[in-house]
>>> print(open('input02.txt').read())   # compact mmCIF, C-alpha atoms
# COMPACT_ATOMS: atom_id res chain seq x y z
CA MET A 1 58.97 -36.01 90.87
CA PRO A 2 57.59 -39.35 89.89
CA SER A 3 54.86 -38.93 92.50
CA VAL A 4 53.67 -35.70 90.87
CA ARG A 5 53.62 -37.33 87.50
CA ARG A 6 51.84 -40.38 88.95
CA SER A 7 49.28 -38.17 90.73
CA PHE A 8 48.67 -36.23 87.54
CA TYR A 9 48.28 -39.48 85.60
CA LEU A 10 45.72 -40.88 88.07
CA THR A 11 43.78 -37.63 88.15
CA SER A 12 43.75 -37.28 84.39
CA ALA A 13 42.72 -40.93 83.96
CA TRP A 14 39.83 -40.77 86.43
CA LEU A 15 38.67 -37.26 85.64
CA PRO A 16 36.70 -38.15 82.47
CA LEU A 17 35.07 -41.07 84.27
CA ILE A 18 34.07 -38.94 87.25
CA MET A 19 32.82 -36.13 85.00
CA GLY A 20 30.88 -38.63 82.89
CA LEU A 21 29.16 -40.07 85.95
CA ALA A 22 28.33 -36.61 87.24
CA ILE A 23 26.90 -35.50 83.89
CA THR A 24 24.96 -38.75 83.54
CA THR A 25 23.50 -38.38 87.03
CA LEU A 26 22.55 -34.76 86.46
CA ALA A 27 21.06 -35.58 83.06
CA GLN A 28 18.96 -38.40 84.53
CA GLU A 29 17.40 -36.33 87.27
CA PRO A 30 15.35 -34.09 84.93
CA GLN A 31 14.37 -37.18 82.91
CA ASN A 32 12.96 -38.81 86.03
CA GLU A 33 11.00 -35.65 86.76
CA ALA A 34 9.86 -35.53 83.13
CA ARG A 35 8.64 -39.11 83.44
CA GLN A 36 6.26 -38.08 86.21
CA PRO A 37 2.93 -37.77 84.43
CA LYS A 38 1.29 -34.40 84.74
CA VAL A 39 -2.11 -35.74 83.62
CA ILE A 40 -3.51 -39.25 84.01
CA ARG A 41 -6.20 -40.54 81.62
CA HIS A 42 -8.80 -42.74 83.35
CA SER A 43 -11.32 -45.06 81.80
CA GLY A 44 -14.90 -43.89 82.33
CA VAL A 45 -15.72 -46.56 84.87
CA GLU A 46 -12.50 -45.94 86.78
CA LEU A 47 -13.11 -42.21 87.04
CA GLN A 48 -16.76 -42.60 88.01
CA ARG A 49 -15.74 -44.93 90.85
CA LYS A 50 -13.58 -42.11 92.23
CA ALA A 51 -16.53 -39.70 92.38
CA THR A 52 -17.25 -38.35 95.86
CA TRP A 53 -20.10 -36.01 94.85
CA PHE A 54 -22.62 -36.48 92.05
CA VAL A 55 -24.88 -33.89 90.52
CA GLU A 56 -27.92 -35.18 88.66
CA PRO A 57 -28.57 -33.37 85.39
CA ILE A 58 -31.69 -31.24 85.09
CA TYR A 59 -33.79 -32.60 82.24
CA PRO A 60 -34.32 -29.75 79.72
CA SER A 61 -38.04 -29.12 79.23
CA GLN A 62 -37.59 -28.82 75.44
CA ALA A 63 -36.00 -32.27 75.41
CA LYS A 64 -38.94 -33.68 77.38
CA VAL A 65 -41.44 -32.20 74.95
CA ALA A 66 -39.44 -33.63 72.04
CA LEU A 67 -39.27 -36.99 73.90
CA VAL A 68 -35.48 -36.90 73.71
CA SER A 69 -33.78 -39.23 76.16
CA GLY A 70 -30.59 -41.21 76.45
CA GLN A 71 -27.00 -41.08 77.57
CA VAL A 72 -24.57 -38.18 77.26
CA ASP A 73 -20.86 -38.89 77.70
CA VAL A 74 -18.89 -35.94 79.06
CA GLU A 75 -15.11 -35.73 79.08
CA VAL A 76 -13.94 -33.98 82.23
CA THR A 77 -10.59 -32.69 83.39
CA VAL A 78 -10.15 -32.95 87.15
CA ASN A 79 -7.54 -30.89 88.99
CA GLU A 80 -5.18 -32.12 91.71
CA LYS A 81 -7.81 -31.41 94.38
CA GLY A 82 -10.53 -33.46 92.68
CA LYS A 83 -12.55 -30.55 91.24
CA VAL A 84 -13.77 -30.56 87.64
CA VAL A 85 -12.02 -27.73 85.79
CA SER A 86 -13.36 -28.41 82.30
CA ALA A 87 -16.10 -30.49 80.71
CA ARG A 88 -17.27 -31.14 77.16
CA ALA A 89 -19.92 -33.44 75.73
CA ILE A 90 -18.45 -36.03 73.39
CA SER A 91 -21.56 -38.05 72.60
CA GLY A 92 -25.29 -37.90 73.10
CA HIS A 93 -28.21 -35.86 71.85
CA PRO A 94 -27.37 -32.15 71.38
CA MET A 95 -30.52 -31.11 73.25
CA LEU A 96 -29.08 -32.76 76.38
CA ASP A 97 -25.45 -31.59 76.09
CA GLU A 98 -25.61 -28.36 78.11
CA ALA A 99 -27.52 -29.96 80.99
CA ALA A 100 -25.01 -32.82 81.09
CA ILE A 101 -22.01 -30.45 81.03
CA THR A 102 -23.52 -28.30 83.80
CA ALA A 103 -24.10 -31.37 85.97
CA ALA A 104 -20.61 -32.76 85.28
CA ARG A 105 -19.00 -29.49 86.41
CA GLY A 106 -20.58 -30.03 89.83
CA TRP A 107 -19.02 -33.46 90.40
CA THR A 108 -16.01 -33.94 92.67
CA PHE A 109 -13.56 -36.83 92.79
CA GLU A 110 -10.91 -38.36 95.00
CA PRO A 111 -7.66 -36.77 93.85
CA THR A 112 -5.64 -38.94 91.47
CA THR A 113 -2.12 -39.55 92.73
CA VAL A 114 1.09 -40.92 91.26
CA GLN A 115 3.61 -42.04 93.86
CA GLY A 116 1.62 -40.12 96.45
CA ILE A 117 1.66 -36.86 94.46
CA PRO A 118 -1.72 -35.46 93.30
CA VAL A 119 -1.98 -35.01 89.53
CA LYS A 120 -4.64 -33.86 87.07
CA ALA A 121 -6.89 -36.50 85.55
CA ILE A 122 -8.99 -36.77 82.41
CA GLY A 123 -11.84 -39.19 81.95
CA ILE A 124 -15.37 -39.70 80.73
CA ILE A 125 -18.49 -39.75 82.86
CA SER A 126 -21.89 -40.85 81.59
CA LEU A 127 -25.08 -39.01 82.46
CA PHE A 128 -28.53 -40.41 81.71
CA PHE A 129 -31.78 -38.71 80.80
CA ARG A 130 -34.91 -40.84 80.98
CA LEU A 131 -38.51 -39.79 81.11
CA SER A 132 -40.47 -41.55 83.82
CA GLY A 133 -43.47 -43.55 82.66
CA SER A 134 -45.90 -40.84 83.78
CA GLU A 135 -43.83 -38.05 82.14
CA LEU A 136 -43.73 -39.96 78.87
CA ILE A 137 -47.46 -40.60 79.00
CA ASP A 138 -48.16 -36.92 79.77
CA GLN A 139 -46.05 -35.79 76.80
CA LEU A 140 -47.63 -38.32 74.42
CA GLU A 141 -51.15 -37.38 75.52
CA LEU A 142 -50.27 -33.72 74.95
CA ARG A 143 -49.06 -34.59 71.44
CA LEU A 144 -52.31 -36.41 70.70
CA ARG A 145 -54.34 -33.39 71.70
CA THR A 146 -52.55 -31.34 69.05
CA ASN A 147 -52.36 -34.15 66.46
CA PRO A 148 -54.99 -36.86 67.12
CA GLY A 149 -54.40 -38.40 63.68
CA SER A 150 -50.83 -39.54 64.45
CA ALA A 151 -50.78 -43.32 64.36
CA GLU A 152 -47.16 -43.30 65.58
CA THR A 153 -48.06 -41.31 68.69
CA HIS A 154 -51.02 -43.62 69.45
CA LEU A 155 -48.66 -46.59 69.12
CA SER A 156 -46.04 -44.99 71.40
CA LEU A 157 -48.72 -44.13 73.95
CA ALA A 158 -50.04 -47.70 73.83
CA GLU A 159 -46.54 -49.02 74.54
CA ALA A 160 -46.09 -46.53 77.42
CA TYR A 161 -49.45 -47.53 78.93
CA GLN A 162 -48.49 -51.19 78.63
CA ARG A 163 -45.16 -50.62 80.44
CA GLU A 164 -47.06 -48.88 83.24
CA GLY A 165 -49.54 -51.74 83.54
CA ARG A 166 -52.47 -49.71 82.22
CA LEU A 167 -53.60 -52.50 79.92
CA ASP A 168 -57.12 -51.24 79.12
CA ASP A 169 -55.66 -47.88 78.04
CA ALA A 170 -52.97 -49.69 76.06
CA ILE A 171 -55.54 -51.75 74.16
CA ALA A 172 -57.56 -48.62 73.33
CA GLU A 173 -54.45 -46.86 71.98
CA TYR A 174 -53.34 -49.92 70.00
CA THR A 175 -56.82 -49.98 68.46
CA HIS A 176 -56.54 -46.27 67.51
CA ALA A 177 -53.11 -46.85 65.99
CA ILE A 178 -54.32 -49.81 63.91
CA THR A 179 -57.42 -47.92 62.80
CA LEU A 180 -55.25 -45.06 61.55
CA LYS A 181 -52.54 -47.29 60.10
CA PRO A 182 -53.69 -50.87 59.38
CA ASP A 183 -50.06 -51.92 58.68
CA TYR A 184 -49.51 -51.94 62.45
CA ALA A 185 -51.79 -55.00 62.68
CA SER A 186 -49.32 -57.20 60.80
>>> encode(input="input02.txt", output="structure tokens")
Amino acid sequence: MPSVRRSFYLTSAWLPLIMGLAITTLAQEPQNEARQPKVIRHSGVELQRKATWFVEPIYPSQAKVALVSGQVDVEVTVNEKGKVVSARAISGHPMLDEAAITAARGWTFEPTTVQGIPVKAIGIISLFFRLSGSELIDQLELRLRTNPGSAETHLSLAEAYQREGRLDDAIAEYTHAITLKPDYAS
């Protein structure tokens, strides 16, 4: 009977250790899965480098008339296949937000992966709205037709002409601006 007692002693001594290892191993497996990120946050530059398809924003006509230009930053969520599933403007002029969001929704990206497994990604892309020199000049000339006494518009038009190399036109507009507002001469 000593062998039965000895066998029982060995089993009862090792049983808690074996059970502890089994429980520890089972408990660690879900933690490892939980450590797998479900969403990766990219910096703006990093996400934009992963773009495989760009959509240029359509400049809203009201923004052109108002001479609104600049950058709109849009936060996008990209699914495991690289498609934008949500977008929201986080900075920029409100008149440009919707056009920027619409364009951002058309972008596609290389899928983001973690250990070879595709995951969702969040990041910021920047979209730019700039009037060309001729568009700016057209809008400023239109403003002067409705308000020829605006020294500020004459000055802006002079600067636009100068950037486009139309120096004679620029000088004429600078002269109008100074005539209307002599402070511009100083």
>>> closest_residue(input="input02.txt", among="A:Ile125, A:Ile117, A:Val65, A:Ile90", to="Arg105 in chain A", atoms="all atoms listed in the file")
A:Ile125
>>> atom_distance(input="input02.txt", atom1="CA of Pro60 in chain A", atom2="CA of Phe129 in chain A")
9.4 Å
>>> residues_around(input="input02.txt", residues="Glu135 in chain A", least_positions_apart="2", cutoff="12 Å", atoms="only C-alpha atoms", output="ChimeraX atom specification")
/A:59,61,63-69,130-133,137-142,157,160-161,164
>>> write_last_selection(input="input02.txt", atoms="C-alpha atoms", output="compact mmCIF listing (two decimals), in the coordinates of the input")
# COMPACT_ATOMS: atom_id res chain seq x y z
CA TYR A 59 -33.79 -32.60 82.24
CA SER A 61 -38.04 -29.12 79.23
CA ALA A 63 -36.00 -32.27 75.41
CA LYS A 64 -38.94 -33.68 77.38
CA VAL A 65 -41.44 -32.20 74.95
CA ALA A 66 -39.44 -33.63 72.04
CA LEU A 67 -39.27 -36.99 73.90
CA VAL A 68 -35.48 -36.90 73.71
CA SER A 69 -33.78 -39.23 76.16
CA ARG A 130 -34.91 -40.84 80.98
CA LEU A 131 -38.51 -39.79 81.11
CA SER A 132 -40.47 -41.55 83.82
CA GLY A 133 -43.47 -43.55 82.66
CA ILE A 137 -47.46 -40.60 79.00
CA ASP A 138 -48.16 -36.92 79.77
CA GLN A 139 -46.05 -35.79 76.80
CA LEU A 140 -47.63 -38.32 74.42
CA GLU A 141 -51.15 -37.38 75.52
CA LEU A 142 -50.27 -33.72 74.95
CA LEU A 157 -48.72 -44.13 73.95
CA ALA A 160 -46.09 -46.53 77.42
CA TYR A 161 -49.45 -47.53 78.93
CA GLU A 164 -47.06 -48.88 83.24
>>> closest_residue(input="input02.txt", among="A:Leu136, A:Val55, A:Val119, A:Val114", to="Ala99 in chain A", atoms="only C-alpha atoms")
A:Val55
>>> atom_distance(input="input02.txt", atom1="CA of Ala51 in chain A", atom2="CA of Lys38 in chain A")
20.1 Å
>>> atom_distance(input="input02.txt", atom1="CA of Asp97 in chain A", atom2="CA of Pro111 in chain A")
25.7 Å
>>> residues_near_point(input="input02.txt", point="(-47.5, -51.0, 71.9)", cutoff="12 Å", atoms="only C-alpha atoms", output="count of residues only")
29
>>> axis_aligned_box(input="input02.txt", around="range 108-114 of chain A", padding_each_side="5 Å", output="lines of an AutoDock Vina configuration file")
center_x = -7.5
center_y = -37.4
center_z = 93.1
size_x = 27.1
size_y = 17.0
size_z = 13.7
